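Listing of structure30.cif; format and content: mmCIF, N, CA and C atoms.
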data_work
#
loop_
_atom_site.label_atom_id
_atom_site.label_comp_id
_atom_site.auth_asym_id
_atom_site.auth_seq_id
_atom_site.Cartn_x
_atom_site.Cartn_y
_atom_site.Cartn_z
N ARG A 421 -30.38 -6.80 19.09
CA ARG A 421 -31.22 -5.92 19.88
C ARG A 421 -30.99 -6.15 21.37
N HIS A 422 -30.75 -7.40 21.76
CA HIS A 422 -30.45 -7.70 23.17
C HIS A 422 -29.19 -6.98 23.63
N LEU A 423 -28.24 -6.80 22.74
CA LEU A 423 -26.97 -6.17 23.10
C LEU A 423 -26.99 -4.66 23.00
N PHE A 424 -27.70 -4.12 22.00
CA PHE A 424 -27.58 -2.71 21.67
C PHE A 424 -28.88 -1.92 21.73
N GLY A 425 -30.00 -2.57 21.98
CA GLY A 425 -31.28 -1.85 21.92
C GLY A 425 -31.70 -1.68 20.48
N GLY A 426 -32.55 -0.72 20.23
CA GLY A 426 -33.03 -0.50 18.87
C GLY A 426 -33.47 0.93 18.71
N PRO A 427 -33.73 1.36 17.53
CA PRO A 427 -33.58 0.66 16.26
C PRO A 427 -32.11 0.49 15.89
N LEU A 428 -31.87 -0.45 14.98
CA LEU A 428 -30.51 -0.79 14.59
C LEU A 428 -30.34 -0.89 13.09
N ILE A 429 -29.13 -0.58 12.66
CA ILE A 429 -28.67 -0.92 11.32
C ILE A 429 -27.44 -1.78 11.56
N VAL A 430 -27.50 -3.04 11.15
CA VAL A 430 -26.37 -3.95 11.31
C VAL A 430 -25.72 -4.13 9.95
N ILE A 431 -24.45 -3.78 9.89
CA ILE A 431 -23.71 -3.90 8.63
C ILE A 431 -22.74 -5.07 8.78
N ASP A 432 -22.89 -6.06 7.92
CA ASP A 432 -22.04 -7.24 7.95
C ASP A 432 -21.07 -7.18 6.77
N PHE A 433 -19.79 -7.07 7.09
CA PHE A 433 -18.75 -6.99 6.07
C PHE A 433 -18.22 -8.39 5.80
N GLY A 434 -18.97 -9.15 5.02
CA GLY A 434 -18.59 -10.51 4.64
C GLY A 434 -18.34 -10.55 3.15
N THR A 435 -18.63 -11.69 2.53
CA THR A 435 -18.49 -11.82 1.08
C THR A 435 -19.33 -10.76 0.39
N ALA A 436 -20.51 -10.54 0.94
CA ALA A 436 -21.34 -9.40 0.55
C ALA A 436 -21.34 -8.43 1.72
N THR A 437 -21.58 -7.17 1.45
CA THR A 437 -21.79 -6.20 2.53
C THR A 437 -23.29 -6.03 2.65
N THR A 438 -23.82 -6.46 3.79
CA THR A 438 -25.26 -6.40 3.98
C THR A 438 -25.62 -5.38 5.04
N PHE A 439 -26.75 -4.74 4.82
CA PHE A 439 -27.29 -3.75 5.75
C PHE A 439 -28.65 -4.30 6.20
N ASP A 440 -28.76 -4.66 7.47
CA ASP A 440 -30.02 -5.19 8.01
C ASP A 440 -30.60 -4.16 8.97
N VAL A 441 -31.88 -3.86 8.80
CA VAL A 441 -32.54 -2.82 9.57
C VAL A 441 -33.53 -3.47 10.53
N VAL A 442 -33.41 -3.12 11.82
CA VAL A 442 -34.24 -3.68 12.88
C VAL A 442 -34.94 -2.53 13.59
N SER A 443 -36.25 -2.69 13.80
CA SER A 443 -37.05 -1.64 14.44
C SER A 443 -36.76 -1.56 15.95
N GLN A 444 -37.30 -0.54 16.57
CA GLN A 444 -37.21 -0.37 18.02
C GLN A 444 -37.75 -1.60 18.75
N GLU A 445 -38.78 -2.22 18.18
CA GLU A 445 -39.41 -3.38 18.80
C GLU A 445 -38.70 -4.70 18.49
N GLY A 446 -37.66 -4.65 17.67
CA GLY A 446 -36.90 -5.85 17.34
C GLY A 446 -37.36 -6.56 16.09
N GLU A 447 -38.22 -5.93 15.31
CA GLU A 447 -38.69 -6.55 14.07
C GLU A 447 -37.71 -6.24 12.94
N TYR A 448 -37.48 -7.25 12.09
CA TYR A 448 -36.64 -7.04 10.91
C TYR A 448 -37.45 -6.26 9.89
N ILE A 449 -36.98 -5.08 9.53
CA ILE A 449 -37.69 -4.22 8.58
C ILE A 449 -37.31 -4.57 7.14
N GLY A 450 -36.05 -4.84 6.90
CA GLY A 450 -35.54 -5.12 5.56
C GLY A 450 -34.07 -4.80 5.51
N GLY A 451 -33.54 -4.69 4.30
CA GLY A 451 -32.13 -4.41 4.20
C GLY A 451 -31.67 -4.12 2.78
N ALA A 452 -30.37 -4.14 2.62
CA ALA A 452 -29.74 -3.89 1.33
C ALA A 452 -28.49 -4.75 1.25
N ILE A 453 -28.13 -5.14 0.03
CA ILE A 453 -26.96 -6.00 -0.18
C ILE A 453 -26.10 -5.39 -1.29
N SER A 454 -24.81 -5.31 -1.02
CA SER A 454 -23.86 -4.86 -2.04
C SER A 454 -22.66 -5.81 -2.05
N PRO A 455 -21.83 -5.75 -3.08
CA PRO A 455 -20.65 -6.63 -3.09
C PRO A 455 -19.76 -6.36 -1.87
N GLY A 456 -19.14 -7.38 -1.36
CA GLY A 456 -18.24 -7.24 -0.23
C GLY A 456 -16.94 -6.55 -0.59
N VAL A 457 -16.25 -6.06 0.42
CA VAL A 457 -14.99 -5.34 0.23
C VAL A 457 -13.98 -6.25 -0.47
N ALA A 458 -13.77 -7.44 0.06
CA ALA A 458 -12.78 -8.35 -0.53
C ALA A 458 -13.19 -8.78 -1.94
N LEU A 459 -14.48 -8.98 -2.15
CA LEU A 459 -14.98 -9.35 -3.47
C LEU A 459 -14.71 -8.23 -4.49
N GLY A 460 -14.94 -6.99 -4.08
CA GLY A 460 -14.66 -5.85 -4.95
C GLY A 460 -13.18 -5.75 -5.28
N ALA A 461 -12.34 -5.94 -4.27
CA ALA A 461 -10.89 -5.89 -4.49
C ALA A 461 -10.44 -7.01 -5.42
N GLU A 462 -10.99 -8.19 -5.20
CA GLU A 462 -10.62 -9.33 -6.05
C GLU A 462 -11.08 -9.11 -7.49
N ALA A 463 -12.23 -8.49 -7.68
CA ALA A 463 -12.71 -8.21 -9.03
C ALA A 463 -11.78 -7.26 -9.77
N LEU A 464 -11.21 -6.29 -9.07
CA LEU A 464 -10.23 -5.40 -9.71
C LEU A 464 -9.05 -6.20 -10.24
N PHE A 465 -8.62 -7.19 -9.48
CA PHE A 465 -7.48 -7.99 -9.88
C PHE A 465 -7.83 -8.96 -11.03
N THR A 466 -8.96 -9.65 -10.89
CA THR A 466 -9.29 -10.70 -11.87
C THR A 466 -9.94 -10.17 -13.14
N ARG A 467 -10.56 -9.02 -13.08
CA ARG A 467 -11.31 -8.51 -14.24
C ARG A 467 -10.62 -7.38 -14.98
N THR A 468 -9.41 -7.02 -14.57
CA THR A 468 -8.65 -6.00 -15.29
C THR A 468 -7.32 -6.61 -15.72
N ALA A 469 -6.77 -6.09 -16.77
CA ALA A 469 -5.54 -6.66 -17.33
C ALA A 469 -4.29 -6.25 -16.55
N GLN A 470 -4.29 -5.07 -15.96
CA GLN A 470 -3.05 -4.54 -15.40
C GLN A 470 -3.03 -4.30 -13.90
N LEU A 471 -4.14 -4.50 -13.21
CA LEU A 471 -4.16 -4.18 -11.78
C LEU A 471 -3.78 -5.39 -10.94
N PRO A 472 -2.91 -5.19 -9.95
CA PRO A 472 -2.46 -6.31 -9.13
C PRO A 472 -3.44 -6.61 -7.99
N ARG A 473 -3.27 -7.75 -7.38
CA ARG A 473 -3.99 -8.07 -6.14
C ARG A 473 -3.32 -7.25 -5.04
N VAL A 474 -4.12 -6.59 -4.18
CA VAL A 474 -3.56 -5.77 -3.12
C VAL A 474 -4.06 -6.23 -1.76
N GLU A 475 -3.26 -5.97 -0.75
CA GLU A 475 -3.65 -6.25 0.62
C GLU A 475 -4.64 -5.18 1.07
N LEU A 476 -5.68 -5.61 1.79
CA LEU A 476 -6.68 -4.67 2.28
C LEU A 476 -6.20 -4.09 3.61
N VAL A 477 -5.51 -2.97 3.51
CA VAL A 477 -4.96 -2.29 4.68
C VAL A 477 -5.29 -0.81 4.60
N HIS A 478 -5.07 -0.14 5.70
CA HIS A 478 -5.29 1.30 5.76
C HIS A 478 -4.19 2.00 4.95
N PRO A 479 -4.56 2.74 3.89
CA PRO A 479 -3.53 3.45 3.11
C PRO A 479 -3.03 4.68 3.87
N LYS A 480 -1.80 5.09 3.55
CA LYS A 480 -1.23 6.28 4.22
C LYS A 480 -1.95 7.55 3.80
N ASN A 481 -2.43 7.60 2.56
CA ASN A 481 -3.07 8.81 2.03
C ASN A 481 -4.30 8.42 1.21
N VAL A 482 -5.20 9.37 1.07
CA VAL A 482 -6.35 9.15 0.18
C VAL A 482 -5.87 9.18 -1.27
N ILE A 483 -4.97 10.09 -1.57
CA ILE A 483 -4.44 10.20 -2.93
C ILE A 483 -3.24 9.26 -3.03
N GLY A 484 -3.43 8.15 -3.73
CA GLY A 484 -2.36 7.18 -3.88
C GLY A 484 -1.25 7.69 -4.78
N LYS A 485 -0.04 7.34 -4.44
CA LYS A 485 1.13 7.77 -5.23
C LYS A 485 1.56 6.70 -6.22
N GLY A 486 0.91 5.56 -6.19
CA GLY A 486 1.20 4.47 -7.11
C GLY A 486 -0.05 3.62 -7.23
N THR A 487 0.02 2.61 -8.07
CA THR A 487 -1.15 1.78 -8.34
C THR A 487 -1.66 1.10 -7.07
N VAL A 488 -0.78 0.49 -6.30
CA VAL A 488 -1.20 -0.25 -5.11
C VAL A 488 -1.85 0.68 -4.09
N SER A 489 -1.20 1.79 -3.77
CA SER A 489 -1.78 2.70 -2.78
C SER A 489 -3.06 3.35 -3.29
N ALA A 490 -3.15 3.59 -4.59
CA ALA A 490 -4.37 4.15 -5.17
C ALA A 490 -5.52 3.15 -5.07
N MET A 491 -5.22 1.87 -5.32
CA MET A 491 -6.25 0.84 -5.20
C MET A 491 -6.68 0.67 -3.74
N GLN A 492 -5.72 0.65 -2.83
CA GLN A 492 -6.05 0.51 -1.41
C GLN A 492 -6.93 1.68 -0.94
N SER A 493 -6.60 2.87 -1.38
CA SER A 493 -7.40 4.04 -1.02
C SER A 493 -8.80 3.96 -1.62
N GLY A 494 -8.86 3.63 -2.89
CA GLY A 494 -10.17 3.55 -3.55
C GLY A 494 -11.06 2.49 -2.95
N ILE A 495 -10.47 1.35 -2.60
CA ILE A 495 -11.26 0.27 -2.00
C ILE A 495 -11.74 0.68 -0.61
N LEU A 496 -10.81 1.08 0.25
CA LEU A 496 -11.18 1.42 1.63
C LEU A 496 -12.14 2.60 1.68
N TYR A 497 -11.74 3.72 1.10
CA TYR A 497 -12.57 4.93 1.21
C TYR A 497 -13.82 4.85 0.35
N GLY A 498 -13.77 4.04 -0.71
CA GLY A 498 -14.99 3.81 -1.48
C GLY A 498 -16.04 3.10 -0.65
N TYR A 499 -15.62 2.10 0.13
CA TYR A 499 -16.57 1.39 0.99
C TYR A 499 -17.01 2.24 2.17
N VAL A 500 -16.12 3.10 2.67
CA VAL A 500 -16.53 4.04 3.73
C VAL A 500 -17.63 4.94 3.18
N GLY A 501 -17.45 5.44 1.97
CA GLY A 501 -18.48 6.27 1.34
C GLY A 501 -19.79 5.51 1.14
N LEU A 502 -19.69 4.25 0.75
CA LEU A 502 -20.88 3.41 0.61
C LEU A 502 -21.61 3.30 1.95
N VAL A 503 -20.87 3.01 3.01
CA VAL A 503 -21.47 2.87 4.34
C VAL A 503 -22.13 4.17 4.78
N GLU A 504 -21.41 5.27 4.67
CA GLU A 504 -21.97 6.56 5.10
C GLU A 504 -23.20 6.94 4.30
N GLY A 505 -23.16 6.71 3.00
CA GLY A 505 -24.30 7.03 2.15
C GLY A 505 -25.50 6.15 2.43
N MET A 506 -25.27 4.86 2.60
CA MET A 506 -26.38 3.94 2.88
C MET A 506 -26.99 4.21 4.25
N VAL A 507 -26.16 4.44 5.25
CA VAL A 507 -26.69 4.73 6.59
C VAL A 507 -27.54 6.00 6.56
N ALA A 508 -27.07 7.03 5.89
CA ALA A 508 -27.84 8.28 5.79
C ALA A 508 -29.18 8.04 5.09
N ARG A 509 -29.17 7.29 4.02
CA ARG A 509 -30.42 7.02 3.28
C ARG A 509 -31.37 6.14 4.09
N ILE A 510 -30.84 5.13 4.76
CA ILE A 510 -31.69 4.26 5.58
C ILE A 510 -32.33 5.05 6.71
N GLN A 511 -31.52 5.86 7.40
CA GLN A 511 -32.07 6.64 8.50
C GLN A 511 -33.09 7.66 8.01
N ALA A 512 -32.86 8.25 6.85
CA ALA A 512 -33.84 9.18 6.28
C ALA A 512 -35.15 8.47 5.98
N GLU A 513 -35.07 7.26 5.43
CA GLU A 513 -36.27 6.50 5.12
C GLU A 513 -37.00 6.05 6.39
N MET A 514 -36.22 5.75 7.44
CA MET A 514 -36.81 5.36 8.72
C MET A 514 -37.44 6.56 9.44
N GLY A 515 -36.93 7.75 9.13
CA GLY A 515 -37.41 8.96 9.80
C GLY A 515 -36.82 9.12 11.19
N ARG A 516 -35.75 8.41 11.48
CA ARG A 516 -35.10 8.52 12.79
C ARG A 516 -33.69 7.96 12.73
N LYS A 517 -32.91 8.30 13.74
CA LYS A 517 -31.57 7.75 13.88
C LYS A 517 -31.66 6.31 14.37
N ALA A 518 -30.69 5.52 14.01
CA ALA A 518 -30.58 4.15 14.48
C ALA A 518 -29.13 3.91 14.86
N LYS A 519 -28.91 3.05 15.84
CA LYS A 519 -27.55 2.66 16.18
C LYS A 519 -27.02 1.81 15.04
N VAL A 520 -25.75 2.02 14.70
CA VAL A 520 -25.14 1.30 13.60
C VAL A 520 -24.07 0.37 14.17
N ILE A 521 -24.25 -0.92 13.93
CA ILE A 521 -23.34 -1.93 14.43
C ILE A 521 -22.67 -2.61 13.25
N ALA A 522 -21.35 -2.71 13.30
CA ALA A 522 -20.59 -3.37 12.24
C ALA A 522 -20.12 -4.74 12.71
N THR A 523 -20.17 -5.72 11.82
CA THR A 523 -19.71 -7.06 12.13
C THR A 523 -19.01 -7.63 10.91
N GLY A 524 -18.34 -8.75 11.10
CA GLY A 524 -17.64 -9.38 10.00
C GLY A 524 -16.16 -9.05 10.02
N GLY A 525 -15.42 -9.77 9.22
CA GLY A 525 -13.97 -9.71 9.23
C GLY A 525 -13.34 -8.36 8.98
N LEU A 526 -13.92 -7.56 8.11
CA LEU A 526 -13.31 -6.26 7.79
C LEU A 526 -14.01 -5.09 8.49
N SER A 527 -14.86 -5.39 9.46
CA SER A 527 -15.64 -4.34 10.13
C SER A 527 -14.74 -3.32 10.83
N ALA A 528 -13.70 -3.76 11.50
CA ALA A 528 -12.84 -2.82 12.23
C ALA A 528 -12.10 -1.89 11.28
N LEU A 529 -11.65 -2.42 10.14
CA LEU A 529 -10.93 -1.60 9.16
C LEU A 529 -11.81 -0.46 8.65
N ILE A 530 -13.05 -0.74 8.32
CA ILE A 530 -13.96 0.28 7.82
C ILE A 530 -14.40 1.22 8.95
N ALA A 531 -14.71 0.66 10.11
CA ALA A 531 -15.22 1.46 11.24
C ALA A 531 -14.23 2.52 11.69
N ARG A 532 -12.95 2.23 11.58
CA ARG A 532 -11.93 3.22 11.98
C ARG A 532 -12.00 4.51 11.17
N GLU A 533 -12.60 4.45 10.00
CA GLU A 533 -12.57 5.57 9.07
C GLU A 533 -13.88 6.36 9.01
N THR A 534 -14.83 6.04 9.87
CA THR A 534 -16.11 6.74 9.82
C THR A 534 -16.68 6.91 11.21
N THR A 535 -17.50 7.93 11.36
CA THR A 535 -18.15 8.17 12.65
C THR A 535 -19.58 7.63 12.67
N VAL A 536 -20.08 7.07 11.56
CA VAL A 536 -21.47 6.59 11.54
C VAL A 536 -21.62 5.23 12.21
N ILE A 537 -20.53 4.50 12.40
CA ILE A 537 -20.60 3.20 13.06
C ILE A 537 -20.42 3.40 14.56
N ASN A 538 -21.41 2.97 15.33
CA ASN A 538 -21.39 3.15 16.78
C ASN A 538 -20.64 2.06 17.53
N ALA A 539 -20.63 0.85 16.99
CA ALA A 539 -19.95 -0.26 17.66
C ALA A 539 -19.52 -1.30 16.64
N VAL A 540 -18.45 -2.00 16.97
CA VAL A 540 -17.95 -3.10 16.15
C VAL A 540 -18.03 -4.37 17.00
N GLU A 541 -18.68 -5.37 16.46
CA GLU A 541 -18.78 -6.68 17.13
C GLU A 541 -18.53 -7.75 16.07
N PRO A 542 -17.25 -8.14 15.88
CA PRO A 542 -16.92 -9.08 14.82
C PRO A 542 -17.66 -10.42 14.91
N ASP A 543 -18.03 -10.82 16.11
CA ASP A 543 -18.66 -12.13 16.31
C ASP A 543 -20.16 -12.02 16.57
N LEU A 544 -20.81 -11.02 16.03
CA LEU A 544 -22.22 -10.78 16.31
C LEU A 544 -23.11 -11.98 15.96
N THR A 545 -22.85 -12.65 14.86
CA THR A 545 -23.67 -13.81 14.48
C THR A 545 -23.57 -14.91 15.52
N LEU A 546 -22.36 -15.21 15.98
CA LEU A 546 -22.18 -16.25 17.00
C LEU A 546 -22.82 -15.84 18.32
N ILE A 547 -22.70 -14.59 18.69
CA ILE A 547 -23.33 -14.10 19.92
C ILE A 547 -24.84 -14.22 19.79
N GLY A 548 -25.38 -13.86 18.63
CA GLY A 548 -26.81 -13.97 18.40
C GLY A 548 -27.30 -15.41 18.49
N LEU A 549 -26.55 -16.33 17.95
CA LEU A 549 -26.91 -17.75 18.04
C LEU A 549 -26.93 -18.22 19.50
N ARG A 550 -25.95 -17.74 20.29
CA ARG A 550 -25.92 -18.10 21.70
C ARG A 550 -27.14 -17.55 22.42
N ILE A 551 -27.52 -16.32 22.13
CA ILE A 551 -28.68 -15.70 22.77
C ILE A 551 -29.95 -16.48 22.42
N VAL A 552 -30.12 -16.83 21.15
CA VAL A 552 -31.29 -17.59 20.72
C VAL A 552 -31.32 -18.95 21.42
N TYR A 553 -30.17 -19.60 21.51
CA TYR A 553 -30.08 -20.89 22.20
C TYR A 553 -30.52 -20.75 23.66
N GLU A 554 -30.00 -19.72 24.34
CA GLU A 554 -30.35 -19.52 25.75
C GLU A 554 -31.83 -19.19 25.93
N LEU A 555 -32.38 -18.38 25.04
CA LEU A 555 -33.81 -18.07 25.12
C LEU A 555 -34.66 -19.32 24.90
N ASN A 556 -34.28 -20.14 23.94
CA ASN A 556 -35.01 -21.38 23.67
C ASN A 556 -34.88 -22.36 24.84
N ARG A 557 -33.72 -22.41 25.44
CA ARG A 557 -33.49 -23.29 26.58
C ARG A 557 -34.34 -22.86 27.78
N GLN A 558 -34.45 -21.55 27.99
CA GLN A 558 -35.28 -21.03 29.08
C GLN A 558 -36.75 -21.37 28.87
N GLN A 559 -37.21 -21.27 27.63
CA GLN A 559 -38.61 -21.56 27.33
C GLN A 559 -38.90 -23.06 27.46
N ALA A 560 -37.90 -23.90 27.16
CA ALA A 560 -38.12 -25.34 27.21
C ALA A 560 -38.02 -25.90 28.62
N SER A 561 -37.34 -25.19 29.52
CA SER A 561 -37.16 -25.67 30.89
C SER A 561 -38.45 -25.50 31.68
N PRO A 562 -38.83 -26.55 32.42
CA PRO A 562 -40.02 -26.41 33.26
C PRO A 562 -39.71 -25.46 34.43
N THR A 563 -40.66 -24.63 34.74
CA THR A 563 -40.49 -23.67 35.82
C THR A 563 -40.87 -24.33 37.13
N THR A 564 -40.03 -24.17 38.11
CA THR A 564 -40.36 -24.73 39.41
C THR A 564 -40.80 -23.61 40.34
N HIS A 565 -41.85 -23.84 41.07
CA HIS A 565 -42.36 -22.86 42.03
C HIS A 565 -42.17 -23.41 43.43
N GLN A 566 -41.74 -22.59 44.34
CA GLN A 566 -41.54 -23.04 45.72
C GLN A 566 -42.57 -22.47 46.64
#
Starting from the coordinates I provided, produce the structure as structure tokens.
Amino acid sequence: RHLFGGPLIVIDFGTATTFDVVSQEGEYIGGAISPGVALGAEALFTRTAQLPRVELVHPKNVIGKGTVSAMQSGILYGYVGLVEGMVARIQAEMGRKAKVIATGGLSALIARETTVINAVEPDLTLIGLRIVYELNRQQASPTTHQ
């Protein structure tokens, strides 16, 4: 909220894909959790007999011409669809638009493919920890008056 204002939807593309909703006032409203992009891709490899492990990259086409490109398309655009659908549903439930911030390792890959993400900040958690540290340090420091 210090960086982007509010209300916010923060999407973290980690092991899980999490959607955290923050009010205009900075209160955590709630969220949603789904399997992460890499976890979903790995499940295709480990839980199917014939599908290979694929690199998570931008496919040349939505319609894959082979197994690898079809998997890359399905993974990438499937998660883009998840993001767009969840953002639309969250904003409808909130009754207003919210800024959408993406973070985590695969945030840039997904953000390139959708217009619902307003900003990408891969290090948002670390930045947030720094802000909390600075706020706590300011509160702990004695104020001097001249």
(request) Let me know the residues the PyMOL selection byres (((chain A and resi 456 and name CA) around 10) and name CA) catches in the file above, as a PyMOL selection string. (result) chain A and resi 432-438+453-455+457-462+499+526
(message) One number please: CA of Tyr553 in chain A to CA of Pro427 in chain A, in Å, one decimal.
(response)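 Separating CA of Tyr553 in chain A from CA of Pro427 in chain A is a distance of 22.6 Å.
Selection by the PyMOL selection byres (((chain A and resi 519 and name CA) around 9) and name CA) on the present file picks out Phe424, Gly425, Gly426, Pro427, Leu428, Ile429, Val430, Lys517, Ala518, Val520, Ile521, Val536, Ile537, Asn538 and Ala539 of chain A.
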Write out, as a compact mmCIF listing (two decimals), keeping the file's coordinate frame, the residues just selected, with N, CA and C atoms.
# COMPACT_ATOMS: atom_id res chain seq x y z
N PHE A 424 -27.70 -4.12 22.00
CA PHE A 424 -27.58 -2.71 21.67
C PHE A 424 -28.88 -1.92 21.73
N GLY A 425 -30.00 -2.57 21.98
CA GLY A 425 -31.28 -1.85 21.92
C GLY A 425 -31.70 -1.68 20.48
N GLY A 426 -32.55 -0.72 20.23
CA GLY A 426 -33.03 -0.50 18.87
C GLY A 426 -33.47 0.93 18.71
N PRO A 427 -33.73 1.36 17.53
CA PRO A 427 -33.58 0.66 16.26
C PRO A 427 -32.11 0.49 15.89
N LEU A 428 -31.87 -0.45 14.98
CA LEU A 428 -30.51 -0.79 14.59
C LEU A 428 -30.34 -0.89 13.09
N ILE A 429 -29.13 -0.58 12.66
CA ILE A 429 -28.67 -0.92 11.32
C ILE A 429 -27.44 -1.78 11.56
N VAL A 430 -27.50 -3.04 11.15
CA VAL A 430 -26.37 -3.95 11.31
C VAL A 430 -25.72 -4.13 9.95
N LYS A 517 -32.91 8.30 13.74
CA LYS A 517 -31.57 7.75 13.88
C LYS A 517 -31.66 6.31 14.37
N ALA A 518 -30.69 5.52 14.01
CA ALA A 518 -30.58 4.15 14.48
C ALA A 518 -29.13 3.91 14.86
N VAL A 520 -25.75 2.02 14.70
CA VAL A 520 -25.14 1.30 13.60
C VAL A 520 -24.07 0.37 14.17
N ILE A 521 -24.25 -0.92 13.93
CA ILE A 521 -23.34 -1.93 14.43
C ILE A 521 -22.67 -2.61 13.25
N VAL A 536 -20.08 7.07 11.56
CA VAL A 536 -21.47 6.59 11.54
C VAL A 536 -21.62 5.23 12.21
N ILE A 537 -20.53 4.50 12.40
CA ILE A 537 -20.60 3.20 13.06
C ILE A 537 -20.42 3.40 14.56
N ASN A 538 -21.41 2.97 15.33
CA ASN A 538 -21.39 3.15 16.78
C ASN A 538 -20.64 2.06 17.53
N ALA A 539 -20.63 0.85 16.99
CA ALA A 539 -19.95 -0.26 17.66
C ALA A 539 -19.52 -1.30 16.64
(message) If the PyMOL selection byres ((chain A and resi 475-482) around 6) were run on this exact file, what residues would it hold? Put them as a PyMOL selection string.
(response) chain A and resi 473-474+483-484+492-493
If you keep N, CA and C atoms, can you produce a file of those selected residues as a compact mmCIF listing (two decimals), in the coordinates of the input?
# COMPACT_ATOMS: atom_id res chain seq x y z
N ARG A 473 -3.27 -7.75 -7.38
CA ARG A 473 -3.99 -8.07 -6.14
C ARG A 473 -3.32 -7.25 -5.04
N VAL A 474 -4.12 -6.59 -4.18
CA VAL A 474 -3.56 -5.77 -3.12
C VAL A 474 -4.06 -6.23 -1.76
N ILE A 483 -4.97 10.09 -1.57
CA ILE A 483 -4.44 10.20 -2.93
C ILE A 483 -3.24 9.26 -3.03
N GLY A 484 -3.43 8.15 -3.73
CA GLY A 484 -2.36 7.18 -3.88
C GLY A 484 -1.25 7.69 -4.78
N GLN A 492 -5.72 0.65 -2.83
CA GLN A 492 -6.05 0.51 -1.41
C GLN A 492 -6.93 1.68 -0.94
N SER A 493 -6.60 2.87 -1.38
CA SER A 493 -7.40 4.04 -1.02
C SER A 493 -8.80 3.96 -1.62
(request) Just give me the gap between CA of Leu496 in chain A and atom C of Glu533 in chain A in Å, one decimal is fine. (result)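 We find that CA of Leu496 in chain A and atom C of Glu533 in chain A lie 9.3 Å from each other.
The closest residue to Ser443 in chain A, picked from A:Lys485, A:Arg557, A:Arg509, A:Arg516 and counting only C-alpha atoms, is A:Arg516.
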(request) Just the residues within 9 Å of Thr534 in chain A, please, counting only C-alpha atoms, with nothing from its chain fewer than 6 positions along; format it as a PyMOL selection string. (result) chain A and resi 500-501+503-504
(message) I'd like the interatomic distance between atom N of Ala469 in chain A and atom C of Leu502 in chain A, to a tenth of an Å.
(response) 25.7 Å
(request) Pick out each residue of range 438-506 of chain A that DSSP on the backbone tags as alpha helix (DSSP H); I need them as a PyMOL selection string. (result) chain A and resi 457-466+487-506
(request) For Gly450 in chain A, please output as a list in words all residues within 9 Å (counting only C-alpha atoms; exclusion window: fewer than 4 positions along the same chain). (result)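 Everything that qualifies: Phe439, Asp440, Val441 and Val442 of chain A.
Distance check against Arg421 in chain A using all atoms listed in the file: of A:Ser489, A:Thr535, A:Gln470, A:Gln444, the minimum falls on A:Gln444.
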(request) Point out the residue among A:Gly498, A:Gly505, A:Gly446, A:Pro542 with the least atom-to-atom distance to Ala528 in chain A, counting all atoms listed in the file. (result) A:Pro542
